[in-house]
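Text of the file structure-v7.txt, holding compact mmCIF, C-alpha atoms:
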# COMPACT_ATOMS: atom_id res chain seq x y z
CA MET A 1 136.74 75.05 55.20
CA ARG A 2 134.59 75.15 52.09
CA THR A 3 131.86 73.21 53.86
CA GLN A 4 131.84 75.68 56.73
CA MET A 5 131.71 78.67 54.40
CA ALA A 6 128.91 77.08 52.42
CA ALA A 7 126.99 76.50 55.66
CA VAL A 8 127.50 80.13 56.70
CA VAL A 9 126.34 81.42 53.31
CA SER A 10 123.28 79.16 53.21
CA GLY A 11 122.35 80.15 56.75
CA ALA A 12 122.75 83.86 56.02
CA VAL A 13 120.62 83.52 52.88
CA ALA A 14 117.91 81.70 54.82
CA VAL A 15 117.78 84.34 57.58
CA ALA A 16 117.90 87.22 55.09
CA SER A 17 115.11 85.69 52.97
CA LYS A 18 112.87 85.29 55.99
CA GLU A 19 113.54 88.85 57.16
CA LEU A 20 113.06 90.37 53.71
CA ARG A 21 109.69 88.69 53.29
CA GLY A 22 108.50 90.45 56.41
CA ARG A 23 110.09 93.80 55.61
CA MET A 24 108.95 94.07 51.99
CA ARG A 25 105.45 92.73 52.55
CA GLY A 26 102.84 95.44 52.31
CA PRO A 27 102.92 98.94 50.84
CA ARG A 28 105.06 100.54 53.57
CA ALA A 29 108.42 99.89 51.89
CA PHE A 30 107.23 101.17 48.51
CA ILE A 31 105.70 104.29 50.06
CA ALA A 32 108.98 105.01 51.86
CA LEU A 33 110.91 104.55 48.59
CA THR A 34 108.56 106.90 46.77
CA LEU A 35 108.83 109.58 49.45
CA TYR A 36 112.64 109.25 49.47
CA LEU A 37 112.91 109.78 45.71
CA ALA A 38 110.40 112.63 45.84
CA LEU A 39 112.49 114.34 48.50
CA LEU A 40 115.66 114.00 46.41
CA ALA A 41 113.86 115.22 43.30
CA GLY A 42 112.51 118.26 45.14
CA PHE A 43 115.99 119.24 46.36
CA THR A 44 117.38 118.69 42.86
CA VAL A 45 114.82 121.05 41.31
CA MET A 46 115.45 123.71 43.97
CA ILE A 47 119.23 123.58 43.56
CA TYR A 48 118.87 123.74 39.78
CA LEU A 49 116.64 126.82 39.99
CA ILE A 50 119.01 128.55 42.40
CA ALA A 51 122.08 127.82 40.25
CA ALA A 52 120.28 128.82 37.04
CA GLN A 53 119.14 132.10 38.60
CA SER A 54 122.68 132.86 39.75
CA ALA A 55 124.04 132.23 36.25
CA ALA A 56 121.32 134.45 34.74
CA GLN A 57 122.19 137.28 37.12
CA GLN A 58 125.86 137.04 36.17
CA ALA A 59 124.97 137.18 32.49
CA ALA A 60 122.68 140.20 33.06
CA PHE A 61 125.55 142.19 34.59
CA GLY A 62 127.95 141.29 31.81
CA GLY A 63 129.67 138.52 33.72
CA GLY A 64 128.78 135.55 31.58
CA ASN A 65 130.42 132.29 32.58
CA PRO A 66 131.16 129.74 29.84
CA TYR A 67 131.22 127.04 32.53
CA ALA A 68 127.80 127.94 33.95
CA SER A 69 126.24 124.65 32.89
CA ALA A 70 129.08 122.65 34.44
CA SER A 71 128.77 124.59 37.69
CA VAL A 72 125.06 123.77 37.81
CA GLY A 73 125.80 120.06 37.39
CA GLN A 74 128.45 120.14 40.11
CA ALA A 75 126.14 121.99 42.49
CA VAL A 76 123.34 119.46 41.95
CA PHE A 77 125.68 116.49 42.45
CA THR A 78 127.19 118.01 45.60
CA VAL A 79 123.80 118.60 47.20
CA LEU A 80 122.53 115.12 46.26
CA LEU A 81 125.67 113.46 47.64
CA PHE A 82 125.58 115.24 51.00
CA LEU A 83 121.83 114.78 51.31
CA GLN A 84 122.17 111.03 50.75
CA ILE A 85 125.04 110.89 53.23
CA LEU A 86 122.77 112.54 55.79
CA LEU A 87 119.93 110.11 55.09
CA VAL A 88 122.24 107.08 55.22
CA VAL A 89 123.64 108.22 58.56
CA PHE A 90 120.12 108.23 59.99
CA LEU A 91 118.58 105.26 58.16
CA ALA A 92 121.33 102.62 58.37
CA PRO A 93 121.61 102.60 62.20
CA ALA A 94 117.81 102.64 62.55
CA ALA A 95 117.52 99.57 60.31
CA THR A 96 120.01 97.45 62.30
CA SER A 97 119.72 98.68 65.90
CA GLY A 98 116.82 96.30 66.59
CA ALA A 99 117.93 93.29 64.57
CA ILE A 100 119.10 91.17 67.52
CA SER A 101 117.43 92.93 70.44
CA LEU A 102 113.98 92.36 68.94
CA GLU A 103 114.68 88.63 68.92
CA ARG A 104 115.58 88.83 72.60
CA GLU A 105 112.42 90.77 73.42
CA LYS A 106 110.29 88.20 71.59
CA GLN A 107 112.29 85.39 73.27
CA THR A 108 113.06 83.81 69.89
CA LEU A 109 116.83 84.28 69.88
CA ASP A 110 117.44 81.01 71.74
CA LEU A 111 115.26 79.16 69.25
CA LEU A 112 117.17 80.76 66.38
CA THR A 113 120.57 79.82 67.79
CA ALA A 114 119.35 76.26 68.37
CA THR A 115 118.87 75.76 64.63
CA PRO A 116 121.66 74.35 62.42
CA ILE A 117 122.37 77.91 61.22
CA SER A 118 125.69 79.17 62.56
CA THR A 119 125.90 82.30 64.65
CA LEU A 120 127.90 84.02 61.94
CA GLY A 121 125.17 83.19 59.43
CA ILE A 122 122.54 84.64 61.77
CA VAL A 123 124.42 87.92 62.25
CA VAL A 124 125.33 88.29 58.57
CA GLY A 125 121.78 87.46 57.49
CA LYS A 126 120.30 89.97 59.94
CA LEU A 127 122.75 92.65 58.81
CA GLY A 128 122.18 91.96 55.12
CA SER A 129 118.39 91.97 55.39
CA ALA A 130 118.38 95.17 57.44
CA LEU A 131 120.69 96.99 55.02
CA ALA A 132 119.02 95.62 51.88
CA PHE A 133 116.33 98.29 51.93
CA VAL A 134 118.95 101.00 52.56
CA PHE A 135 120.92 99.75 49.56
CA VAL A 136 117.71 99.80 47.50
CA LEU A 137 117.19 103.45 48.45
CA ILE A 138 120.75 104.31 47.46
CA LEU A 139 120.66 102.47 44.14
CA ALA A 140 117.20 103.83 43.28
CA SER A 141 118.61 107.35 43.28
CA ILE A 142 121.12 106.60 40.49
CA PRO A 143 118.74 107.64 37.65
CA LEU A 144 118.06 110.90 39.48
CA THR A 145 121.77 111.52 39.99
CA ALA A 146 122.41 110.81 36.30
CA VAL A 147 120.62 114.08 35.51
CA VAL A 148 123.94 115.86 36.24
CA PHE A 149 125.36 114.39 33.01
CA VAL A 150 123.00 116.67 31.09
CA PHE A 151 124.71 119.76 32.53
CA GLY A 152 128.26 118.44 32.50
CA GLY A 153 131.02 119.06 35.01
CA VAL A 154 130.59 115.61 36.59
CA GLY A 155 132.01 112.42 35.13
CA PRO A 156 130.86 108.81 35.59
CA GLU A 157 133.89 108.13 37.77
CA ASP A 158 132.79 110.91 40.14
CA VAL A 159 129.35 109.35 40.52
CA LEU A 160 130.96 105.94 41.06
CA ARG A 161 133.19 107.31 43.82
CA GLY A 162 130.23 108.98 45.50
CA TYR A 163 128.14 105.81 45.53
CA LEU A 164 131.05 103.73 46.82
CA VAL A 165 131.31 106.12 49.77
CA LEU A 166 127.53 105.84 50.33
CA LEU A 167 127.53 102.03 50.30
CA VAL A 168 130.56 101.72 52.58
CA THR A 169 129.09 104.28 54.98
CA ALA A 170 125.81 102.35 55.13
CA LEU A 171 127.68 99.11 55.81
CA GLY A 172 129.79 100.71 58.54
CA PHE A 173 126.95 102.36 60.44
CA GLY A 174 124.83 99.24 60.01
CA SER A 175 127.61 97.20 61.64
CA VAL A 176 127.64 99.65 64.55
CA GLY A 177 123.90 99.13 64.98
CA ILE A 178 124.14 95.32 64.84
CA LEU A 179 126.88 95.32 67.49
CA LEU A 180 124.93 97.48 69.93
CA SER A 181 121.80 95.45 69.24
CA SER A 182 123.73 92.32 70.19
CA LEU A 183 125.08 94.01 73.30
CA THR A 184 121.81 95.25 74.80
CA ARG A 185 118.54 93.52 75.64
CA ARG A 186 116.15 96.33 74.75
CA THR A 187 115.64 97.84 71.31
CA GLN A 188 115.15 101.30 72.77
CA SER A 189 118.51 101.18 74.55
CA ALA A 190 120.21 99.86 71.42
CA THR A 191 118.73 102.65 69.30
CA VAL A 192 119.79 105.38 71.74
CA LEU A 193 123.33 104.00 72.03
CA THR A 194 123.60 103.59 68.26
CA TYR A 195 122.67 107.19 67.53
CA LEU A 196 125.02 108.34 70.28
CA VAL A 197 127.89 106.54 68.54
CA VAL A 198 126.78 107.98 65.20
CA LEU A 199 126.80 111.47 66.71
CA VAL A 200 130.31 110.92 68.04
CA LEU A 201 131.62 109.62 64.69
CA THR A 202 130.10 112.44 62.64
CA VAL A 203 129.98 115.57 64.81
CA GLY A 204 132.33 114.55 67.62
CA THR A 205 135.29 113.61 65.47
CA GLY A 206 134.93 116.77 63.39
CA PHE A 207 134.83 118.99 66.47
CA ALA A 208 137.75 117.12 68.06
CA TRP A 209 139.86 117.55 64.92
CA PHE A 210 138.98 121.25 64.69
CA PHE A 211 139.76 121.83 68.38
CA TRP A 212 143.09 119.99 68.11
CA ASP A 213 143.96 121.95 64.99
CA GLN A 214 143.16 125.29 66.63
CA MET A 215 145.11 124.45 69.78
CA ALA A 216 148.13 123.39 67.75
CA GLY A 217 147.96 126.64 65.78
CA SER A 218 147.62 128.80 68.91
CA GLN A 219 150.59 127.10 70.53
CA GLN A 220 152.70 127.82 67.48
CA VAL A 221 151.66 131.48 67.63
CA ALA A 222 152.36 131.67 71.37
CA GLN A 223 155.87 130.25 70.89
CA PRO A 224 157.37 132.19 67.97
CA VAL A 225 160.46 130.94 66.25
CA PHE A 226 163.21 133.50 65.65
CA ARG A 227 164.71 132.96 62.27
CA ASP A 228 167.89 134.42 60.88
CA LEU A 229 167.10 137.67 59.10
CA PRO A 230 169.00 139.07 56.14
CA ALA A 231 171.37 141.93 56.80
CA ASN A 232 169.23 144.47 54.94
CA VAL A 233 166.17 143.66 57.12
CA GLY A 234 167.85 144.15 60.46
CA GLY A 235 169.44 140.79 60.95
CA GLY A 236 173.09 140.16 61.08
CA SER A 237 175.14 137.55 62.78
CA THR A 238 173.36 134.29 63.52
CA ASP A 239 173.13 132.60 66.88
CA ASP A 240 171.58 129.47 68.35
CA THR A 241 168.09 130.99 68.69
CA GLY A 242 167.26 130.36 65.05
CA SER A 243 168.39 126.76 64.91
CA ALA A 244 166.28 123.96 63.49
CA GLU A 245 166.07 122.31 66.93
CA ASP A 246 164.23 125.31 68.37
CA GLU A 247 161.81 125.33 65.46
CA ALA A 248 161.08 121.64 65.87
CA ALA A 249 160.58 122.09 69.62
CA ALA A 250 158.21 125.02 69.13
CA LYS A 251 156.08 123.27 66.52
CA LEU A 252 153.43 120.98 67.98
CA PRO A 253 151.98 118.11 65.94
CA GLY A 254 148.63 118.71 64.31
CA PRO A 255 145.62 116.39 64.50
CA PRO A 256 146.07 113.02 62.80
CA GLU A 257 144.19 112.23 59.63
CA ALA A 258 142.99 108.91 61.08
CA LEU A 259 140.77 110.82 63.49
CA LEU A 260 138.37 111.55 60.60
CA TRP A 261 138.55 108.25 58.72
CA LEU A 262 135.13 107.21 60.03
CA ASN A 263 133.56 110.60 59.31
CA PRO A 264 131.44 110.27 56.14
CA VAL A 265 131.15 114.03 55.63
CA VAL A 266 134.90 114.42 55.09
CA ALA A 267 134.95 111.45 52.71
CA ALA A 268 132.13 113.05 50.70
CA ALA A 269 134.09 116.31 50.62
CA ASP A 270 137.01 114.42 49.08
CA VAL A 271 134.70 113.09 46.36
CA VAL A 272 133.47 116.63 45.67
CA CYS A 273 137.07 117.84 45.50
CA GLY A 274 137.84 115.15 42.91
CA MET A 275 135.29 116.56 40.45
CA ASP A 276 136.17 120.24 41.02
CA ILE A 277 138.51 121.78 38.45
CA ASN A 278 139.67 124.33 41.01
CA PRO A 279 142.11 122.70 43.46
CA TYR A 280 141.67 125.68 45.79
CA SER A 281 137.93 125.21 46.32
CA THR A 282 136.44 124.88 49.80
CA ALA A 283 136.27 121.07 49.63
CA CYS A 284 139.87 120.77 48.40
CA GLN A 285 141.09 123.17 51.06
CA LEU A 286 139.35 121.07 53.72
CA ILE A 287 140.94 117.86 52.47
CA ALA A 288 144.32 119.60 52.20
CA GLU A 289 144.03 120.71 55.82
CA VAL A 290 143.06 117.20 56.96
CA THR A 291 145.70 115.32 54.99
CA GLY A 292 148.43 117.93 55.49
CA THR A 293 149.12 118.13 51.76
CA VAL A 294 149.36 121.92 51.72
CA PRO A 295 151.88 123.70 53.98
CA GLY A 296 150.24 125.46 56.89
CA GLY A 297 147.65 122.75 57.52
CA SER A 298 148.05 122.93 61.29
CA ASN A 299 148.12 126.71 61.35
CA GLY A 300 144.65 127.12 59.90
CA GLY A 301 146.04 129.29 57.12
CA VAL A 302 144.70 129.33 53.59
CA VAL A 303 147.16 129.03 50.76
CA PRO A 304 146.56 131.95 48.37
CA PHE A 305 146.09 131.38 44.69
CA PRO A 306 149.48 131.89 43.01
CA MET A 307 149.88 134.83 40.67
CA PRO A 308 152.19 135.17 37.66
CA VAL A 309 155.65 136.47 38.48
CA PRO A 310 157.41 138.82 36.02
CA ALA A 311 160.47 137.28 34.43
CA PRO A 312 163.80 139.05 34.71
CA VAL A 313 164.26 141.45 31.80
CA LYS A 314 167.14 140.64 29.49
CA PRO A 315 168.49 143.98 28.28
CA GLY A 316 169.88 144.52 24.82
CA LEU A 317 173.09 146.27 23.95
CA ASP A 318 174.52 148.35 26.77
CA GLY A 319 171.60 147.61 29.04
CA VAL A 320 168.97 149.13 26.71
CA VAL A 321 166.02 147.15 25.41
CA GLN A 322 166.13 147.11 21.61
CA PRO A 323 162.98 148.00 19.61
CA ASP A 324 162.70 144.49 18.14
CA VAL A 325 163.08 142.69 21.50
CA VAL A 326 159.83 141.52 23.15
CA VAL A 327 159.94 141.60 26.95
CA GLY A 328 157.66 138.82 28.21
CA VAL A 329 156.28 137.71 31.52
CA VAL A 330 156.66 134.18 32.69
CA GLY A 331 153.41 132.32 32.16
CA VAL A 332 151.74 135.24 30.32
CA GLY A 333 152.00 135.17 26.53
CA ASN A 334 155.04 132.89 26.43
CA ASP A 335 155.56 130.32 23.73
CA THR A 336 155.02 127.27 25.90
CA GLY A 337 151.87 128.56 27.57
CA VAL A 338 153.02 127.15 30.91
CA ASN A 339 153.50 129.34 33.91
CA ASP A 340 156.75 127.98 35.25
CA ALA A 341 156.82 130.33 38.22
CA VAL A 342 153.31 129.39 39.26
CA ALA A 343 154.05 125.69 38.80
CA ALA A 344 157.13 126.01 40.97
CA GLU A 345 155.31 127.80 43.76
CA ASP A 346 152.01 125.94 43.50
CA PRO A 347 151.87 123.23 46.20
CA PHE A 348 149.45 121.28 44.01
CA ALA A 349 152.04 121.06 41.21
CA THR A 350 153.86 118.20 42.93
CA SER A 351 151.08 116.79 45.12
CA SER A 352 147.31 116.78 44.83
CA THR A 353 144.58 116.38 47.41
CA ARG A 354 142.28 114.58 45.01
CA ASP A 355 141.33 111.01 45.94
CA THR A 356 143.66 110.98 48.93
CA PHE A 357 141.18 110.62 51.78
CA TRP A 358 138.09 108.65 50.75
CA PRO A 359 139.97 105.42 49.80
CA ARG A 360 141.52 105.32 53.29
CA ALA A 361 138.16 106.10 54.87
CA ALA A 362 136.49 103.30 52.87
CA ALA A 363 139.21 100.83 53.87
CA ALA A 364 138.88 101.87 57.52
CA TRP A 365 135.09 101.37 57.41
CA LEU A 366 135.44 97.94 55.79
CA LEU A 367 137.95 96.82 58.41
CA ALA A 368 135.80 98.23 61.21
CA SER A 369 132.73 96.46 59.81
CA VAL A 370 134.49 93.10 59.85
CA VAL A 371 135.61 93.63 63.45
CA LEU A 372 132.15 94.75 64.57
CA VAL A 373 130.46 91.75 62.92
CA LEU A 374 132.89 89.34 64.60
CA LEU A 375 132.24 90.98 67.97
CA SER A 376 128.49 90.67 67.34
CA VAL A 377 128.93 86.96 66.62
CA GLN A 378 130.67 86.48 69.96
CA LEU A 379 127.92 88.36 71.78
CA VAL A 380 125.08 86.42 70.12
CA SER A 381 126.65 82.98 70.51
CA PRO A 382 125.25 81.37 73.71
CA THR A 383 127.84 78.59 74.20
CA ARG A 384 131.06 79.52 72.39
CA ARG A 385 131.48 83.10 73.60
CA TRP A 386 135.13 84.15 73.99
CA ARG A 387 136.32 80.59 73.51
CA ILE A 388 140.00 81.63 73.46
CA PHE A 389 139.88 83.02 77.00
CA ARG A 390 138.04 79.96 78.27
CA ARG A 391 140.72 77.69 76.87
CA ARG A 392 143.38 79.69 78.66
CA ALA A 393 141.42 79.51 81.90
CA ARG A 394 141.07 75.74 81.65
CA SER A 395 144.75 75.31 80.91
CA GLU A 396 145.64 77.21 84.07
CA VAL A 397 143.54 74.95 86.33
CA PRO A 398 145.85 72.55 88.24
CA GLN A 399 145.31 68.88 87.52

Output the file's structure in the form of structure tokens.
Amino acid sequence: MRTQMAAVVSGAVAVASKELRGRMRGPRAFIALTLYLALLAGFTVMIYLIAAQSAAQQAAFGGGNPYASASVGQAVFTVLLFLQILLVVFLAPAATSGAISLEREKQTLDLLTATPISTLGIVVGKLGSALAFVFVLILASIPLTAVVFVFGGVGPEDVLRGYLVLLVTALGFGSVGILLSSLTRRTQSATVLTYLVVLVLTVGTGFAWFFWDQMAGSQQVAQPVFRDLPANVGGGSTDDTGSAEDEAAAKLPGPPEALLWLNPVVAAADVVCGMDINPYSTACQLIAEVTGTVPGGSNGGVVPFPMPVPAPVKPGLDGVVQPDVVVGVVGVGNDTGVNDAVAAEDPFATSSTRDTFWPRAAAAWLLASVVLVLLSVQLVSPTRRWRIFRRRARSEVPQ
């Protein structure tokens, strides 16, 4: 087993070294890296100027924000993260969609498979060499992203989570490209099919989840549930129409969370929610809707921000408040400083949407990448393709 793994690793290193020599030779790679960083730097400067101007306008009208610097840092990090997600979605499939099909077009794939290098080593080496430049682009942007530490509002763990999502997304979409490149004979066909799959995983899954969510909400509105009403509201005696069975029958299931596990935009939104101090921000509301953490996720409703609730007044002697008795409000000016009523009604008091989606999405992409690479190995191998099914077929042949 160790000998086989060592052979696979040595073969993958040999293929990757050969491919990287060709890819990194010449000024094209360095020019692309320079343009990529210049693009990110330009967007960073623009977002900083917009956020700084907004903070200056608030201060001019007497609405100074003590967290203005932190909001600038969060805005810059959010834009950089989503911009890099967009670039990875386009660059990773383009780098791998021609890895195997180009060998077929040049009629060198048979010569490559005839070498002592295993098919797994060929596929892994091709995938690693194609994604190496994408990884270089991602890692080269770390010093630019570190500018957000100057403003505050973003911690090192937030940056680490964001770059983990970027690397896993690049690996996943690169595996999609290597599979379709192994499946087709022409690079043009492989590229078109790869971007079609990318479009389905990014835009298609989001639209499907939104459509499912809206249909589930409209069905619940079309089939109202009659609950038992108090006597002072017009209710009275209860009957079978307000039973729990009718409510369960009227409520249709919402879209599953797994539908968006391979969508990198939602995973990036979860990372943004993790750094936001407001659990009711747009990113956190999106993740709450997807994961079903907040009640009303399938209805499309937005949970309002809880407000302090007045505490019941404790009267003094004979129901009259004494002059020395202070009547307080729960959560406002109390000794503990904790709003018990808000904490009891706040759905985020017992459960949080932070870091609930992107770990599952990363695990799903890693598992999908392994499956796609194994399928690519079976498609590239000229003699041992689908060996399990051939063994079954031979065993069924009568002697």

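Each of A:Trp261, A:Phe82, A:Trp365, A:Phe357 was compared to Ala170 in chain A using all atoms listed in the file, and A:Trp365 turns out to be the nearest.
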
Option closest in space to Val72 in chain A, from A:Ser175, A:Pro143, A:Gly152, A:Val8 [counting only C-alpha atoms]: A:Gly152

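Considering only C-alpha atoms, the residue among A:Val88, A:Leu259, A:Ile178, A:Val377 positioned nearest to Thr194 in chain A is A:Ile178.
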
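Residues of protein, DNA and RNA with at least one atom no farther than 10 Å from (126.2, 102.0, 51.8) are, using only C-alpha atoms, Gln84, Ile85, Val88, Val89, Ala92, Leu131, Ala132, Val134, Phe135, Val136, Leu137, Ile138, Leu139, Tyr163, Leu164, Val165, Leu166, Leu167, Val168, Thr169, Ala170, Leu171, Gly172, Phe173 and Gly174 of chain A.
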
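In this structure, CA of Ala267 in chain A sits 4.6 Å away from CA of Trp358 in chain A.
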
Atomic separation - CA of Asp270 in chain A relative to CA of Val159 in chain A, Å: 12.6 Å
